Structures are given as C-alpha cells and as structure tokens.
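Colleague: Just so it is clear, I am handing over coords-v9.cif, which has mmCIF, C-alpha atoms.
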```cif
data_structure
loop_
_atom_site.group_PDB
_atom_site.id
_atom_site.type_symbol
_atom_site.label_atom_id
_atom_site.label_comp_id
_atom_site.auth_asym_id
_atom_site.auth_seq_id
_atom_site.Cartn_x
_atom_site.Cartn_y
_atom_site.Cartn_z
ATOM 1 C CA MET A 1 34.185 11.250 -10.770
ATOM 2 C CA GLU A 2 34.010 13.811 -8.007
ATOM 3 C CA ARG A 3 30.598 14.420 -6.574
ATOM 4 C CA ARG A 4 29.379 16.154 -3.467
ATOM 5 C CA SER A 5 28.151 13.917 -0.709
ATOM 6 C CA SER A 6 24.522 12.986 -1.272
ATOM 7 C CA VAL A 7 22.078 13.921 1.469
ATOM 8 C CA ARG A 8 18.961 12.159 2.705
ATOM 9 C CA PHE A 9 16.334 13.903 4.788
ATOM 10 C CA ALA A 10 14.351 12.082 7.457
ATOM 11 C CA PRO A 11 10.598 11.642 6.818
ATOM 12 C CA SER A 12 9.816 14.164 9.583
ATOM 13 C CA GLU A 13 12.146 16.707 7.963
ATOM 14 C CA ILE A 14 10.580 16.161 4.544
ATOM 15 C CA ALA A 15 7.098 16.579 6.022
ATOM 16 C CA ARG A 16 8.165 19.850 7.637
ATOM 17 C CA MET A 17 9.665 21.167 4.404
ATOM 18 C CA GLU A 18 6.612 20.142 2.387
ATOM 19 C CA LYS A 19 4.448 22.117 4.829
ATOM 20 C CA LEU A 20 6.747 25.126 4.544
ATOM 21 C CA VAL A 21 6.540 24.988 0.740
ATOM 22 C CA THR A 22 2.745 25.163 1.004
ATOM 23 C CA HIS A 23 2.626 28.047 3.469
ATOM 24 C CA LYS A 24 5.782 30.041 2.726
ATOM 25 C CA LYS A 25 5.935 29.599 -1.050
ATOM 26 C CA GLU A 26 9.073 31.149 -2.602
ATOM 27 C CA GLN A 27 10.195 32.479 0.790
ATOM 28 C CA VAL A 28 11.723 29.067 1.487
ATOM 29 C CA LEU A 29 14.427 29.765 -1.111
ATOM 30 C CA ASP A 30 15.867 32.576 1.023
ATOM 31 C CA GLU A 31 19.422 31.787 2.146
ATOM 32 C CA ILE A 32 18.883 32.956 5.736
ATOM 33 C CA PHE A 33 15.653 30.967 5.973
ATOM 34 C CA CYS A 34 17.424 27.799 4.772
ATOM 35 C CA ARG A 35 20.311 28.329 7.184
ATOM 36 C CA LYS A 36 17.952 28.601 10.157
ATOM 37 C CA LEU A 37 16.033 25.528 9.073
ATOM 38 C CA ALA A 38 19.263 23.538 8.666
ATOM 39 C CA GLU A 39 20.281 24.578 12.197
ATOM 40 C CA GLU A 40 16.884 23.449 13.483
ATOM 41 C CA PHE A 41 17.248 20.026 11.864
ATOM 42 C CA ASN A 42 20.821 19.628 13.141
ATOM 43 C CA CYS A 43 19.641 20.218 16.716
ATOM 44 C CA SER A 44 17.007 17.474 16.565
ATOM 45 C CA PRO A 45 17.678 14.172 18.418
ATOM 46 C CA GLY A 46 17.535 12.218 15.153
ATOM 47 C CA ARG A 47 20.561 14.095 13.818
ATOM 48 C CA VAL A 48 22.817 13.364 16.793
ATOM 49 C CA GLY A 49 26.018 11.718 15.548
ATOM 50 C CA SER A 50 25.261 12.441 11.894
ATOM 51 C CA LYS A 51 27.050 14.820 9.565
ATOM 52 C CA ALA A 52 25.541 18.306 9.882
ATOM 53 C CA LEU A 53 23.189 19.504 7.185
ATOM 54 C CA GLN A 54 24.262 22.553 5.222
ATOM 55 C CA ALA A 55 21.966 25.424 4.295
ATOM 56 C CA VAL A 56 22.764 24.884 0.607
ATOM 57 C CA GLN A 57 21.447 21.301 0.831
ATOM 58 C CA VAL A 58 18.152 22.506 2.287
ATOM 59 C CA GLN A 59 17.968 25.290 -0.296
ATOM 60 C CA GLU A 60 18.587 22.843 -3.142
ATOM 61 C CA TRP A 61 15.728 20.628 -1.910
ATOM 62 C CA PHE A 62 13.382 23.621 -1.960
ATOM 63 C CA ARG A 63 14.670 24.776 -5.341
ATOM 64 C CA GLN A 64 13.586 21.480 -6.898
ATOM 65 C CA LYS A 65 10.028 22.219 -5.752
ATOM 66 C CA PHE A 66 9.633 25.394 -7.807
ATOM 67 C CA PRO A 67 7.758 25.410 -10.028
ATOM 68 C CA ALA A 68 6.515 22.056 -8.715
ATOM 69 C CA SER A 69 3.684 21.899 -11.273
ATOM 70 C CA THR A 70 6.153 21.849 -14.174
ATOM 71 C CA VAL A 71 8.415 19.061 -12.984
ATOM 72 C CA ILE A 72 6.777 16.104 -14.724
ATOM 73 C CA PRO A 73 9.051 13.281 -15.828
ATOM 74 C CA PRO A 74 8.761 11.922 -19.330
ATOM 75 C CA CYS A 75 7.098 8.535 -19.512
ATOM 76 C CA LEU A 76 9.565 5.802 -18.691
ATOM 77 C CA PRO A 77 9.851 2.241 -19.939
ATOM 78 C CA THR A 78 8.610 -0.859 -18.133
ATOM 79 C CA GLY A 79 5.539 -3.041 -18.357
ATOM 80 C CA SER A 80 4.222 -6.479 -17.498
ATOM 81 C CA GLU A 81 6.439 -9.492 -16.939
ATOM 82 C CA GLU A 82 8.096 -11.160 -19.981
ATOM 83 C CA LYS A 83 5.745 -9.579 -22.573
ATOM 84 C CA ALA A 84 7.039 -8.793 -26.030
ATOM 85 C CA LEU A 85 7.808 -5.126 -26.620
ATOM 86 C CA ALA A 86 4.976 -3.676 -28.593
ATOM 87 C CA SER A 87 3.033 -0.473 -28.157
ATOM 88 C CA GLN A 88 4.304 -0.345 -24.593
ATOM 89 C CA ALA A 89 7.668 -1.537 -23.314
ATOM 90 C CA SER A 90 8.188 -4.322 -20.836
ATOM 91 C CA ALA A 91 11.142 -3.719 -18.528
ATOM 92 C CA PRO A 92 10.943 -4.656 -14.812
ATOM 93 C CA VAL A 93 12.645 -2.100 -12.617
ATOM 94 C CA SER A 94 15.708 -2.878 -10.483
ATOM 95 C CA GLU A 95 15.026 -6.509 -9.578
ATOM 96 C CA GLU A 96 14.242 -9.479 -11.812
ATOM 97 C CA LYS A 97 10.899 -10.555 -10.455
ATOM 98 C CA PRO A 98 7.204 -10.340 -11.407
ATOM 99 C CA PRO A 99 5.994 -6.780 -11.984
ATOM 100 C CA SER A 100 5.219 -4.857 -8.824
ATOM 101 C CA SER A 101 3.504 -1.547 -8.241
ATOM 102 C CA GLU A 102 6.905 0.093 -8.624
ATOM 103 C CA GLU A 103 7.418 -1.399 -12.077
ATOM 104 C CA ASN A 104 3.913 -0.681 -13.251
ATOM 105 C CA ALA A 105 4.438 2.957 -12.336
ATOM 106 C CA LEU A 106 6.879 3.298 -15.247
ATOM 107 C CA ALA A 107 5.454 3.092 -18.760
ATOM 108 C CA VAL A 108 6.598 4.384 -22.122
ATOM 109 C CA ASP A 109 5.332 5.165 -25.604
ATOM 110 C CA THR A 110 8.033 3.571 -27.756
ATOM 111 C CA SER A 111 6.914 5.187 -30.979
ATOM 112 C CA ILE A 112 9.374 8.069 -30.596
ATOM 113 C CA SER A 113 12.628 6.150 -30.526
ATOM 114 C CA ASN A 114 13.108 2.464 -31.219
ATOM 115 C CA ASP A 115 16.674 2.249 -32.506
ATOM 116 C CA ILE A 116 19.911 2.030 -30.571
ATOM 117 C CA GLY A 117 21.607 5.367 -30.412
ATOM 118 C CA GLU A 118 18.407 7.208 -31.271
ATOM 119 C CA VAL A 119 17.388 9.440 -28.420
ATOM 120 C CA SER A 120 14.048 11.037 -27.692
ATOM 121 C CA PRO A 121 14.119 14.831 -27.384
ATOM 122 C CA ASP A 122 13.486 16.493 -24.070
ATOM 123 C CA LEU A 123 9.737 16.147 -24.071
ATOM 124 C CA PRO A 124 7.754 19.388 -23.627
ATOM 125 C CA ILE A 125 5.142 19.253 -20.924
ATOM 126 C CA ASP A 126 2.287 19.697 -23.396
ATOM 127 C CA ASN A 127 3.265 16.414 -25.079
ATOM 128 C CA ILE A 128 3.513 14.320 -21.948
ATOM 129 C CA ASP A 129 0.584 12.205 -20.851
ATOM 130 C CA LYS A 130 0.086 12.935 -17.191
ATOM 131 C CA LEU A 131 0.301 9.845 -15.011
ATOM 132 C CA PRO A 132 -1.613 10.547 -11.780
ATOM 133 C CA GLU A 133 -0.435 7.339 -10.126
ATOM 134 C CA ILE A 134 3.219 8.449 -10.111
ATOM 135 C CA GLU A 135 2.772 12.150 -9.392
ATOM 136 C CA ASP A 136 3.910 11.783 -5.805
ATOM 137 C CA MET A 137 6.539 9.095 -6.427
ATOM 138 C CA GLN A 138 10.220 9.846 -6.268
ATOM 139 C CA PHE A 139 12.955 7.738 -7.827
ATOM 140 C CA GLU A 140 16.634 7.034 -7.326
ATOM 141 C CA ALA A 141 19.281 5.767 -9.736
ATOM 142 C CA ARG A 142 22.568 3.905 -9.351
ATOM 143 C CA SER A 143 25.472 5.627 -11.022
ATOM 144 C CA SER A 144 27.656 3.450 -13.241
ATOM 145 C CA LYS A 145 30.640 5.596 -12.222
ATOM 146 C CA ASP A 146 30.757 4.898 -8.479
ATOM 147 C CA PHE A 147 27.896 2.383 -7.899
ATOM 148 C CA ALA A 148 26.261 4.776 -5.426
ATOM 149 C CA TRP A 149 22.552 5.624 -5.472
ATOM 150 C CA TYR A 150 21.418 9.208 -6.028
ATOM 151 C CA ASP A 151 17.991 10.809 -5.934
ATOM 152 C CA ILE A 152 16.680 11.713 -9.385
ATOM 153 C CA ALA A 153 15.719 15.330 -9.977
ATOM 154 C CA THR A 154 14.579 15.018 -13.596
ATOM 155 C CA PHE A 155 14.124 12.420 -16.344
ATOM 156 C CA LEU A 156 15.528 14.078 -19.468
ATOM 157 C CA ALA A 157 15.188 11.541 -22.293
ATOM 158 C CA TYR A 158 15.089 7.828 -23.046
ATOM 159 C CA ARG A 159 16.367 5.421 -25.670
ATOM 160 C CA LYS A 160 15.795 1.803 -26.602
ATOM 161 C CA LEU A 161 18.798 -0.467 -27.101
ATOM 162 C CA SER A 162 19.076 -3.260 -29.681
ATOM 163 C CA SER A 163 18.742 -5.707 -26.769
ATOM 164 C CA GLY A 164 15.235 -4.404 -26.170
ATOM 165 C CA GLU A 165 16.146 -2.762 -22.863
ATOM 166 C CA PHE A 166 15.670 0.898 -22.132
ATOM 167 C CA GLU A 167 17.952 3.560 -20.769
ATOM 168 C CA VAL A 168 16.928 6.959 -19.451
ATOM 169 C CA ARG A 169 19.057 10.041 -19.134
ATOM 170 C CA VAL A 170 18.698 11.488 -15.662
ATOM 171 C CA ARG A 171 19.788 14.548 -13.768
ATOM 172 C CA PHE A 172 20.727 13.789 -10.190
ATOM 173 C CA GLN A 173 19.318 15.845 -7.338
ATOM 174 C CA GLY A 174 21.786 18.579 -6.404
ATOM 175 C CA PHE A 175 24.038 18.138 -9.463
ATOM 176 C CA GLY A 176 24.377 19.925 -12.767
ATOM 177 C CA ALA A 177 24.153 18.829 -16.391
ATOM 178 C CA GLU A 178 27.802 17.745 -16.424
ATOM 179 C CA GLU A 179 26.861 14.842 -14.133
ATOM 180 C CA ASP A 180 23.900 13.591 -16.231
ATOM 181 C CA GLU A 181 24.020 9.864 -17.004
ATOM 182 C CA TRP A 182 22.308 7.251 -19.136
ATOM 183 C CA ILE A 183 20.903 4.659 -16.713
ATOM 184 C CA ASN A 184 19.535 1.167 -17.403
ATOM 185 C CA VAL A 185 15.902 1.235 -16.297
ATOM 186 C CA ARG A 186 15.614 -2.433 -15.348
ATOM 187 C CA LYS A 187 18.871 -2.645 -13.404
ATOM 188 C CA ALA A 188 19.446 0.735 -11.852
ATOM 189 C CA ILE A 189 16.259 2.786 -11.400
ATOM 190 C CA ARG A 190 13.794 2.242 -8.599
ATOM 191 C CA LEU A 191 11.519 3.995 -6.140
ATOM 192 C CA GLN A 192 13.407 6.103 -3.643
ATOM 193 C CA SER A 193 14.562 4.384 -0.459
ATOM 194 C CA ILE A 194 12.958 5.546 2.790
ATOM 195 C CA PRO A 195 14.998 6.914 5.729
ATOM 196 C CA LEU A 196 14.118 5.288 9.040
ATOM 197 C CA GLU A 197 12.891 6.924 12.232
ATOM 198 C CA SER A 198 14.127 5.602 15.575
ATOM 199 C CA SER A 199 10.823 3.827 16.219
ATOM 200 C CA GLU A 200 11.105 1.909 12.951
ATOM 201 C CA CYS A 201 14.200 -0.188 13.678
ATOM 202 C CA LYS A 202 11.935 -3.219 14.103
ATOM 203 C CA LEU A 203 11.220 -3.033 10.367
ATOM 204 C CA ILE A 204 14.804 -4.081 9.596
ATOM 205 C CA ARG A 205 15.570 -7.800 9.744
ATOM 206 C CA GLU A 206 18.617 -9.921 9.038
ATOM 207 C CA GLY A 207 18.969 -10.558 5.314
ATOM 208 C CA ASP A 208 17.173 -7.356 4.307
ATOM 209 C CA LEU A 209 18.424 -5.203 1.456
ATOM 210 C CA VAL A 210 18.988 -1.656 2.709
ATOM 211 C CA LEU A 211 20.520 1.541 1.432
ATOM 212 C CA CYS A 212 23.428 2.429 3.711
ATOM 213 C CA PHE A 213 25.201 5.765 4.062
ATOM 214 C CA LYS A 214 28.929 5.032 3.883
ATOM 215 C CA GLU A 215 31.355 7.687 5.052
ATOM 216 C CA SER A 216 35.099 7.827 4.442
ATOM 217 C CA ASN A 217 37.791 10.473 4.226
ATOM 218 C CA ASP A 218 37.145 10.914 0.526
ATOM 219 C CA GLU A 219 33.405 10.457 0.126
ATOM 220 C CA ALA A 220 30.056 10.011 1.809
ATOM 221 C CA LEU A 221 27.659 8.105 -0.431
ATOM 222 C CA HIS A 222 24.686 5.738 -0.350
ATOM 223 C CA PHE A 223 25.269 2.103 -1.363
ATOM 224 C CA ASP A 224 23.175 -1.057 -1.379
ATOM 225 C CA ALA A 225 23.978 -3.430 1.467
ATOM 226 C CA HIS A 226 22.526 -6.505 3.139
ATOM 227 C CA VAL A 227 21.997 -6.816 6.873
ATOM 228 C CA LEU A 228 24.013 -9.714 8.302
ATOM 229 C CA GLU A 229 23.405 -9.270 12.024
ATOM 230 C CA ILE A 230 21.414 -7.032 14.369
ATOM 231 C CA GLN A 231 22.227 -6.220 17.980
ATOM 232 C CA ARG A 232 18.950 -5.041 19.486
ATOM 233 C CA LYS A 233 19.470 -2.537 22.290
ATOM 234 C CA GLN A 234 17.322 -0.506 24.650
ATOM 235 C CA HIS A 235 16.312 2.839 23.166
ATOM 236 C CA ASP A 236 16.987 5.993 25.162
ATOM 237 C CA ILE A 237 16.413 9.722 24.849
ATOM 238 C CA ARG A 238 18.772 9.787 21.867
ATOM 239 C CA GLY A 239 16.620 7.271 20.002
ATOM 240 C CA CYS A 240 17.530 3.863 18.591
ATOM 241 C CA ARG A 241 20.782 2.396 19.955
ATOM 242 C CA CYS A 242 20.686 -0.827 17.924
ATOM 243 C CA VAL A 243 23.744 -1.831 15.906
ATOM 244 C CA PHE A 244 23.512 -3.339 12.417
ATOM 245 C CA LEU A 245 26.258 -5.339 10.730
ATOM 246 C CA VAL A 246 25.970 -4.779 6.975
ATOM 247 C CA GLU A 247 27.842 -6.018 3.928
ATOM 248 C CA TYR A 248 28.051 -3.637 0.991
ATOM 249 C CA ASP A 249 26.976 -5.200 -2.294
ATOM 250 C CA HIS A 250 29.418 -3.284 -4.502
ATOM 251 C CA ASP A 251 32.673 -4.256 -2.763
ATOM 252 C CA GLY A 252 31.835 -6.936 -0.166
ATOM 253 C CA THR A 253 33.163 -4.923 2.785
ATOM 254 C CA GLN A 254 31.404 -5.102 6.140
ATOM 255 C CA GLU A 255 30.668 -2.400 8.692
ATOM 256 C CA ARG A 256 28.688 -1.925 11.901
ATOM 257 C CA VAL A 257 26.344 1.039 11.611
ATOM 258 C CA ASN A 258 23.507 2.701 13.495
ATOM 259 C CA LEU A 259 19.949 3.146 12.261
ATOM 260 C CA ARG A 260 20.487 6.740 11.154
ATOM 261 C CA ARG A 261 22.686 5.495 8.321
ATOM 262 C CA LEU A 262 20.077 3.100 6.931
ATOM 263 C CA SER A 263 17.170 3.568 4.568
ATOM 264 C CA ARG A 264 14.721 0.785 3.813
ATOM 265 C CA ARG A 265 13.310 -0.323 0.509
ATOM 266 C CA PRO A 266 9.603 0.413 -0.101
ATOM 267 C CA LYS A 267 7.260 -2.525 0.387
ATOM 268 C CA HIS A 268 5.404 -3.582 -2.730
ATOM 269 C CA SER A 269 1.984 -5.144 -2.945
#
```
Mind turning this structure into structure tokens?
Modeller:
Amino acid sequence: MERRSSVRFAPSEIARMEKLVTHKKEQVLDEIFCRKLAEEFNCSPGRVGSKALQAVQVQEWFRQKFPASTVIPPCLPTGSEEKALASQASAPVSEEKPPSSEENALAVDTSISNDIGEVSPDLPIDNIDKLPEIEDMQFEARSSKDFAWYDIATFLAYRKLSSGEFEVRVRFQGFGAEEDEWINVRKAIRLQSIPLESSECKLIREGDLVLCFKESNDEALHFDAHVLEIQRKQHDIRGCRCVFLVEYDHDGTQERVNLRRLSRRPKHS
C-alpha cells in the first residue's frame, strides 16, 4: 500500500490553527494563506531538523474542520470490563485492561447490526445520538496494511463479528475512500497521541509506550515504540537536546531519536 507520509502538528500549531478557524472562517482554506502558514510553522524553533510542512497538509487540516458542526462520528462499540454484550457493547479500546475514560468514550447501539458481515449504513446526523463527552476527542487507528497509526477523519460504519468484537470502517485523515479500512476497535483504535513540546521531555520515561515518527527512503510513518534508554541533555535555544533510544513494536528495530519525533499517549484517570 502506498500512502503519503502522515503529518502530526505540534500542540502550539494546532492551537494557532484552531484560533484561525474561529476568526478567519473559510478564508483558512485559501491556498496562499495555507502556504504562508506552513512557512511560518517551518521557521519555528520546534520544527528545526524536521521534515518541512507542505501547504497542502495545512490546507487538508483546515478542510476537515468545515463544516465542523456536521462531522459527528457514529457511535462506536466499547463498554465496561468483561460484561456480556447486551443493549450496549463491551469492547475495551487498544489495551486489555479495566475500562478507562478512553474506553468509556466509545459506546454503541448494537440493534442495527449484530451479525458478521452485516454492516450498518452510513448513519445520517439526525439519527445519531450526540455524545457531548467525546465532541472534542480525536482518535487514531492502526492500519492492518503497514502497522502504522493514522489520524481518523471520519467513522463511516461498524459491524459486529461472530466473536463478539466490533470493527469500524474509518477514513484516514488526508486520504480518500480508496484507503478506507475496517479496524478492530479493541486492538487498533484509541485516543490520538499527543506531540511533545520541548519543555515536556521530562514526561517521557524509560519503558514508556510512545508513538514514534520513523523516516526512511521509502516512507515516513508513525509506529508504536517503547523507550529503552534516555540521554538527558542540557536544553538550548533550539529546544530539547535529549536523545531517546526506542524499539519499534512492529519489527523490533531500534533507533536513537530526538523529542520532535515522539508523541506521548494520553494519561487516563
């Protein structure tokens, strides 16, 4: 499968774009506007040494925001730990552990489709129960094709397997319908990982699960990895200079990376 390199924006960049959406409205979709904003981000200290952002990547981020009020995902399956599937499904998200706030954020009405191979239709907005607690949450999914994690733009449909587990059909951020996939909710959907600012390197510890941006001649993708070793160094005007030795979960390879290539997992209560 050939996919464009996925892009992650820093929290400060996202905050700036969110503000621009509020004040500039549809003007943010202008190609020249997006090119200037991409140039601004590329000149920031946090982008030093990273692959340059392209105007089309900024434009695509804005495009997903319009019309923001209509982008409501269909209800997704999970529930409380080890409960029998009844009126609501029980399917912990991503990790096999007691339900967390992330898992409880996903819930589904199973009355539409309960048989393997039977798929719910794309649910019209009028038929979707609005879930205020997940309005501002964003999710990511692991592709079964390359084991990389991609931001989710839209939840399209869901189905229940004979095993009792659920799959959802997702559209990845920045990709078209030809790249849509059915994804196992419990194993490969979770809250979006959080890019780290230079001042946040202290949040990463040895043994932590992180999302790491891996670059090669052929691809630049985000994979799960565990931190094996950290070399703490003095920060300077360029930001964090610490070096992190990580081991990628999907292939066992190791690499030394800087903080800009890492995103942390959200903390759950």
Colleague: For the point (16.0, 18.7, 2.2) in the file's frame, write as a PyMOL selection string all residues with an atom no more than 7 Å away, counting all atoms listed in the file.
Modeller: chain A and resi 9+14+57-58+61-62
Colleague: Between A:Glu140, A:Glu31, A:Glu247, A:Glu40, which is the closest to Val170 (chain A) once you count only C-alpha atoms?
Modeller: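 With only C-alpha atoms as the atom set, the closest residue is A:Glu140.
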Colleague: Could you expand the PyMOL selection byres ((chain A and resi 214) around 10) into the explicit residues it covers here, written as a list of chain:residue names?
Modeller: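 Those residues are A:Ala148, A:Leu211, A:Cys212, A:Phe213, A:Glu215, A:Ser216, A:Glu219, A:Ala220, A:Leu221, A:His222, A:Phe223, A:Asp224, A:Tyr248, A:Glu255, A:Val257, A:Arg261, A:Leu262.
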Colleague: Please list as a VMD selection string every residue within 9 Å of Asn258 (chain A), counting only C-alpha atoms and excluding residues in the same chain fewer than 2 positions away.
Modeller: chain A and resid 240 to 245 256 260 to 262
Colleague: Once the PyMOL selection byres ((chain A and resi 173) around 9) is applied to the coordinates I shared, what remains selected? I want it as an NGL selection string.
Modeller: :A and (6 or 60-61 or 64 or 150-154 or 171-172 or 174-176)
Colleague: In Å, with one decimal, what is the gap from CA of Ser198 (chain A) to CA of Arg63 (chain A)?
Modeller: 28.4 Å
Colleague: By how many Å are CA of Asp208 (chain A) and CA of Ser193 (chain A) apart?
Modeller: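 Computing it gives 12.9 Å between the two atoms.
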Colleague: Can you turn the PyMOL selection byres ((chain A and resi 20) around 12) into a concrete residue list for this file, as a PDB file with C-alpha atoms, keeping the file's coordinate frame?
Modeller:
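Output below, filename selection_16.pdb:
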```
ATOM      1  CA  GLU A  13      12.146  16.707   7.963  1.00  0.00           C
ATOM      2  CA  ILE A  14      10.580  16.161   4.544  1.00  0.00           C
ATOM      3  CA  ALA A  15       7.098  16.579   6.022  1.00  0.00           C
ATOM      4  CA  ARG A  16       8.165  19.850   7.637  1.00  0.00           C
ATOM      5  CA  MET A  17       9.665  21.167   4.404  1.00  0.00           C
ATOM      6  CA  GLU A  18       6.612  20.142   2.387  1.00  0.00           C
ATOM      7  CA  LYS A  19       4.448  22.117   4.829  1.00  0.00           C
ATOM      8  CA  VAL A  21       6.540  24.988   0.740  1.00  0.00           C
ATOM      9  CA  THR A  22       2.745  25.163   1.004  1.00  0.00           C
ATOM     10  CA  HIS A  23       2.626  28.047   3.469  1.00  0.00           C
ATOM     11  CA  LYS A  24       5.782  30.041   2.726  1.00  0.00           C
ATOM     12  CA  LYS A  25       5.935  29.599  -1.050  1.00  0.00           C
ATOM     13  CA  GLU A  26       9.073  31.149  -2.602  1.00  0.00           C
ATOM     14  CA  GLN A  27      10.195  32.479   0.790  1.00  0.00           C
ATOM     15  CA  VAL A  28      11.723  29.067   1.487  1.00  0.00           C
ATOM     16  CA  LEU A  29      14.427  29.765  -1.111  1.00  0.00           C
ATOM     17  CA  PHE A  33      15.653  30.967   5.973  1.00  0.00           C
ATOM     18  CA  CYS A  34      17.424  27.799   4.772  1.00  0.00           C
ATOM     19  CA  LEU A  37      16.033  25.528   9.073  1.00  0.00           C
ATOM     20  CA  VAL A  58      18.152  22.506   2.287  1.00  0.00           C
ATOM     21  CA  TRP A  61      15.728  20.628  -1.910  1.00  0.00           C
ATOM     22  CA  PHE A  62      13.382  23.621  -1.960  1.00  0.00           C
ATOM     23  CA  LYS A  65      10.028  22.219  -5.752  1.00  0.00           C
TER      24      LYS A  65
END
```
Colleague: Quick check, in Å to one decimal: how far apart do CA of Ser162 (chain A) and CA of Met137 (chain A) lie?
Modeller: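 Separating CA of Ser162 (chain A) from CA of Met137 (chain A) is a distance of 29.2 Å.
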Colleague: If you count all atoms listed in the file, which residues fall within 9 Å of Glu206 (chain A), apart from same-chain ones fewer than 3 positions away, as a list in words?
Modeller: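 Returned residues: Leu209, His226, Val227, Leu228, Glu229, Ile230 and Phe244 of chain A.
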Colleague: Go through A:Asn217, A:Ser199, A:Gln59, A:Ser12 and flag the residue nearest Ser44 (chain A), using all atoms listed in the file for the distances.
Modeller: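 For Ser44 (chain A), the nearest of the candidates is A:Ser12.
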Colleague: So, with only C-alpha atoms as the atoms that count, which of A:Ile32, A:Cys43, A:Ala38, A:Ile194 lies closest to Arg238 (chain A)?
Modeller: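 Nearest candidate to Arg238 (chain A) out of A:Ile32, A:Cys43, A:Ala38, A:Ile194: A:Cys43.
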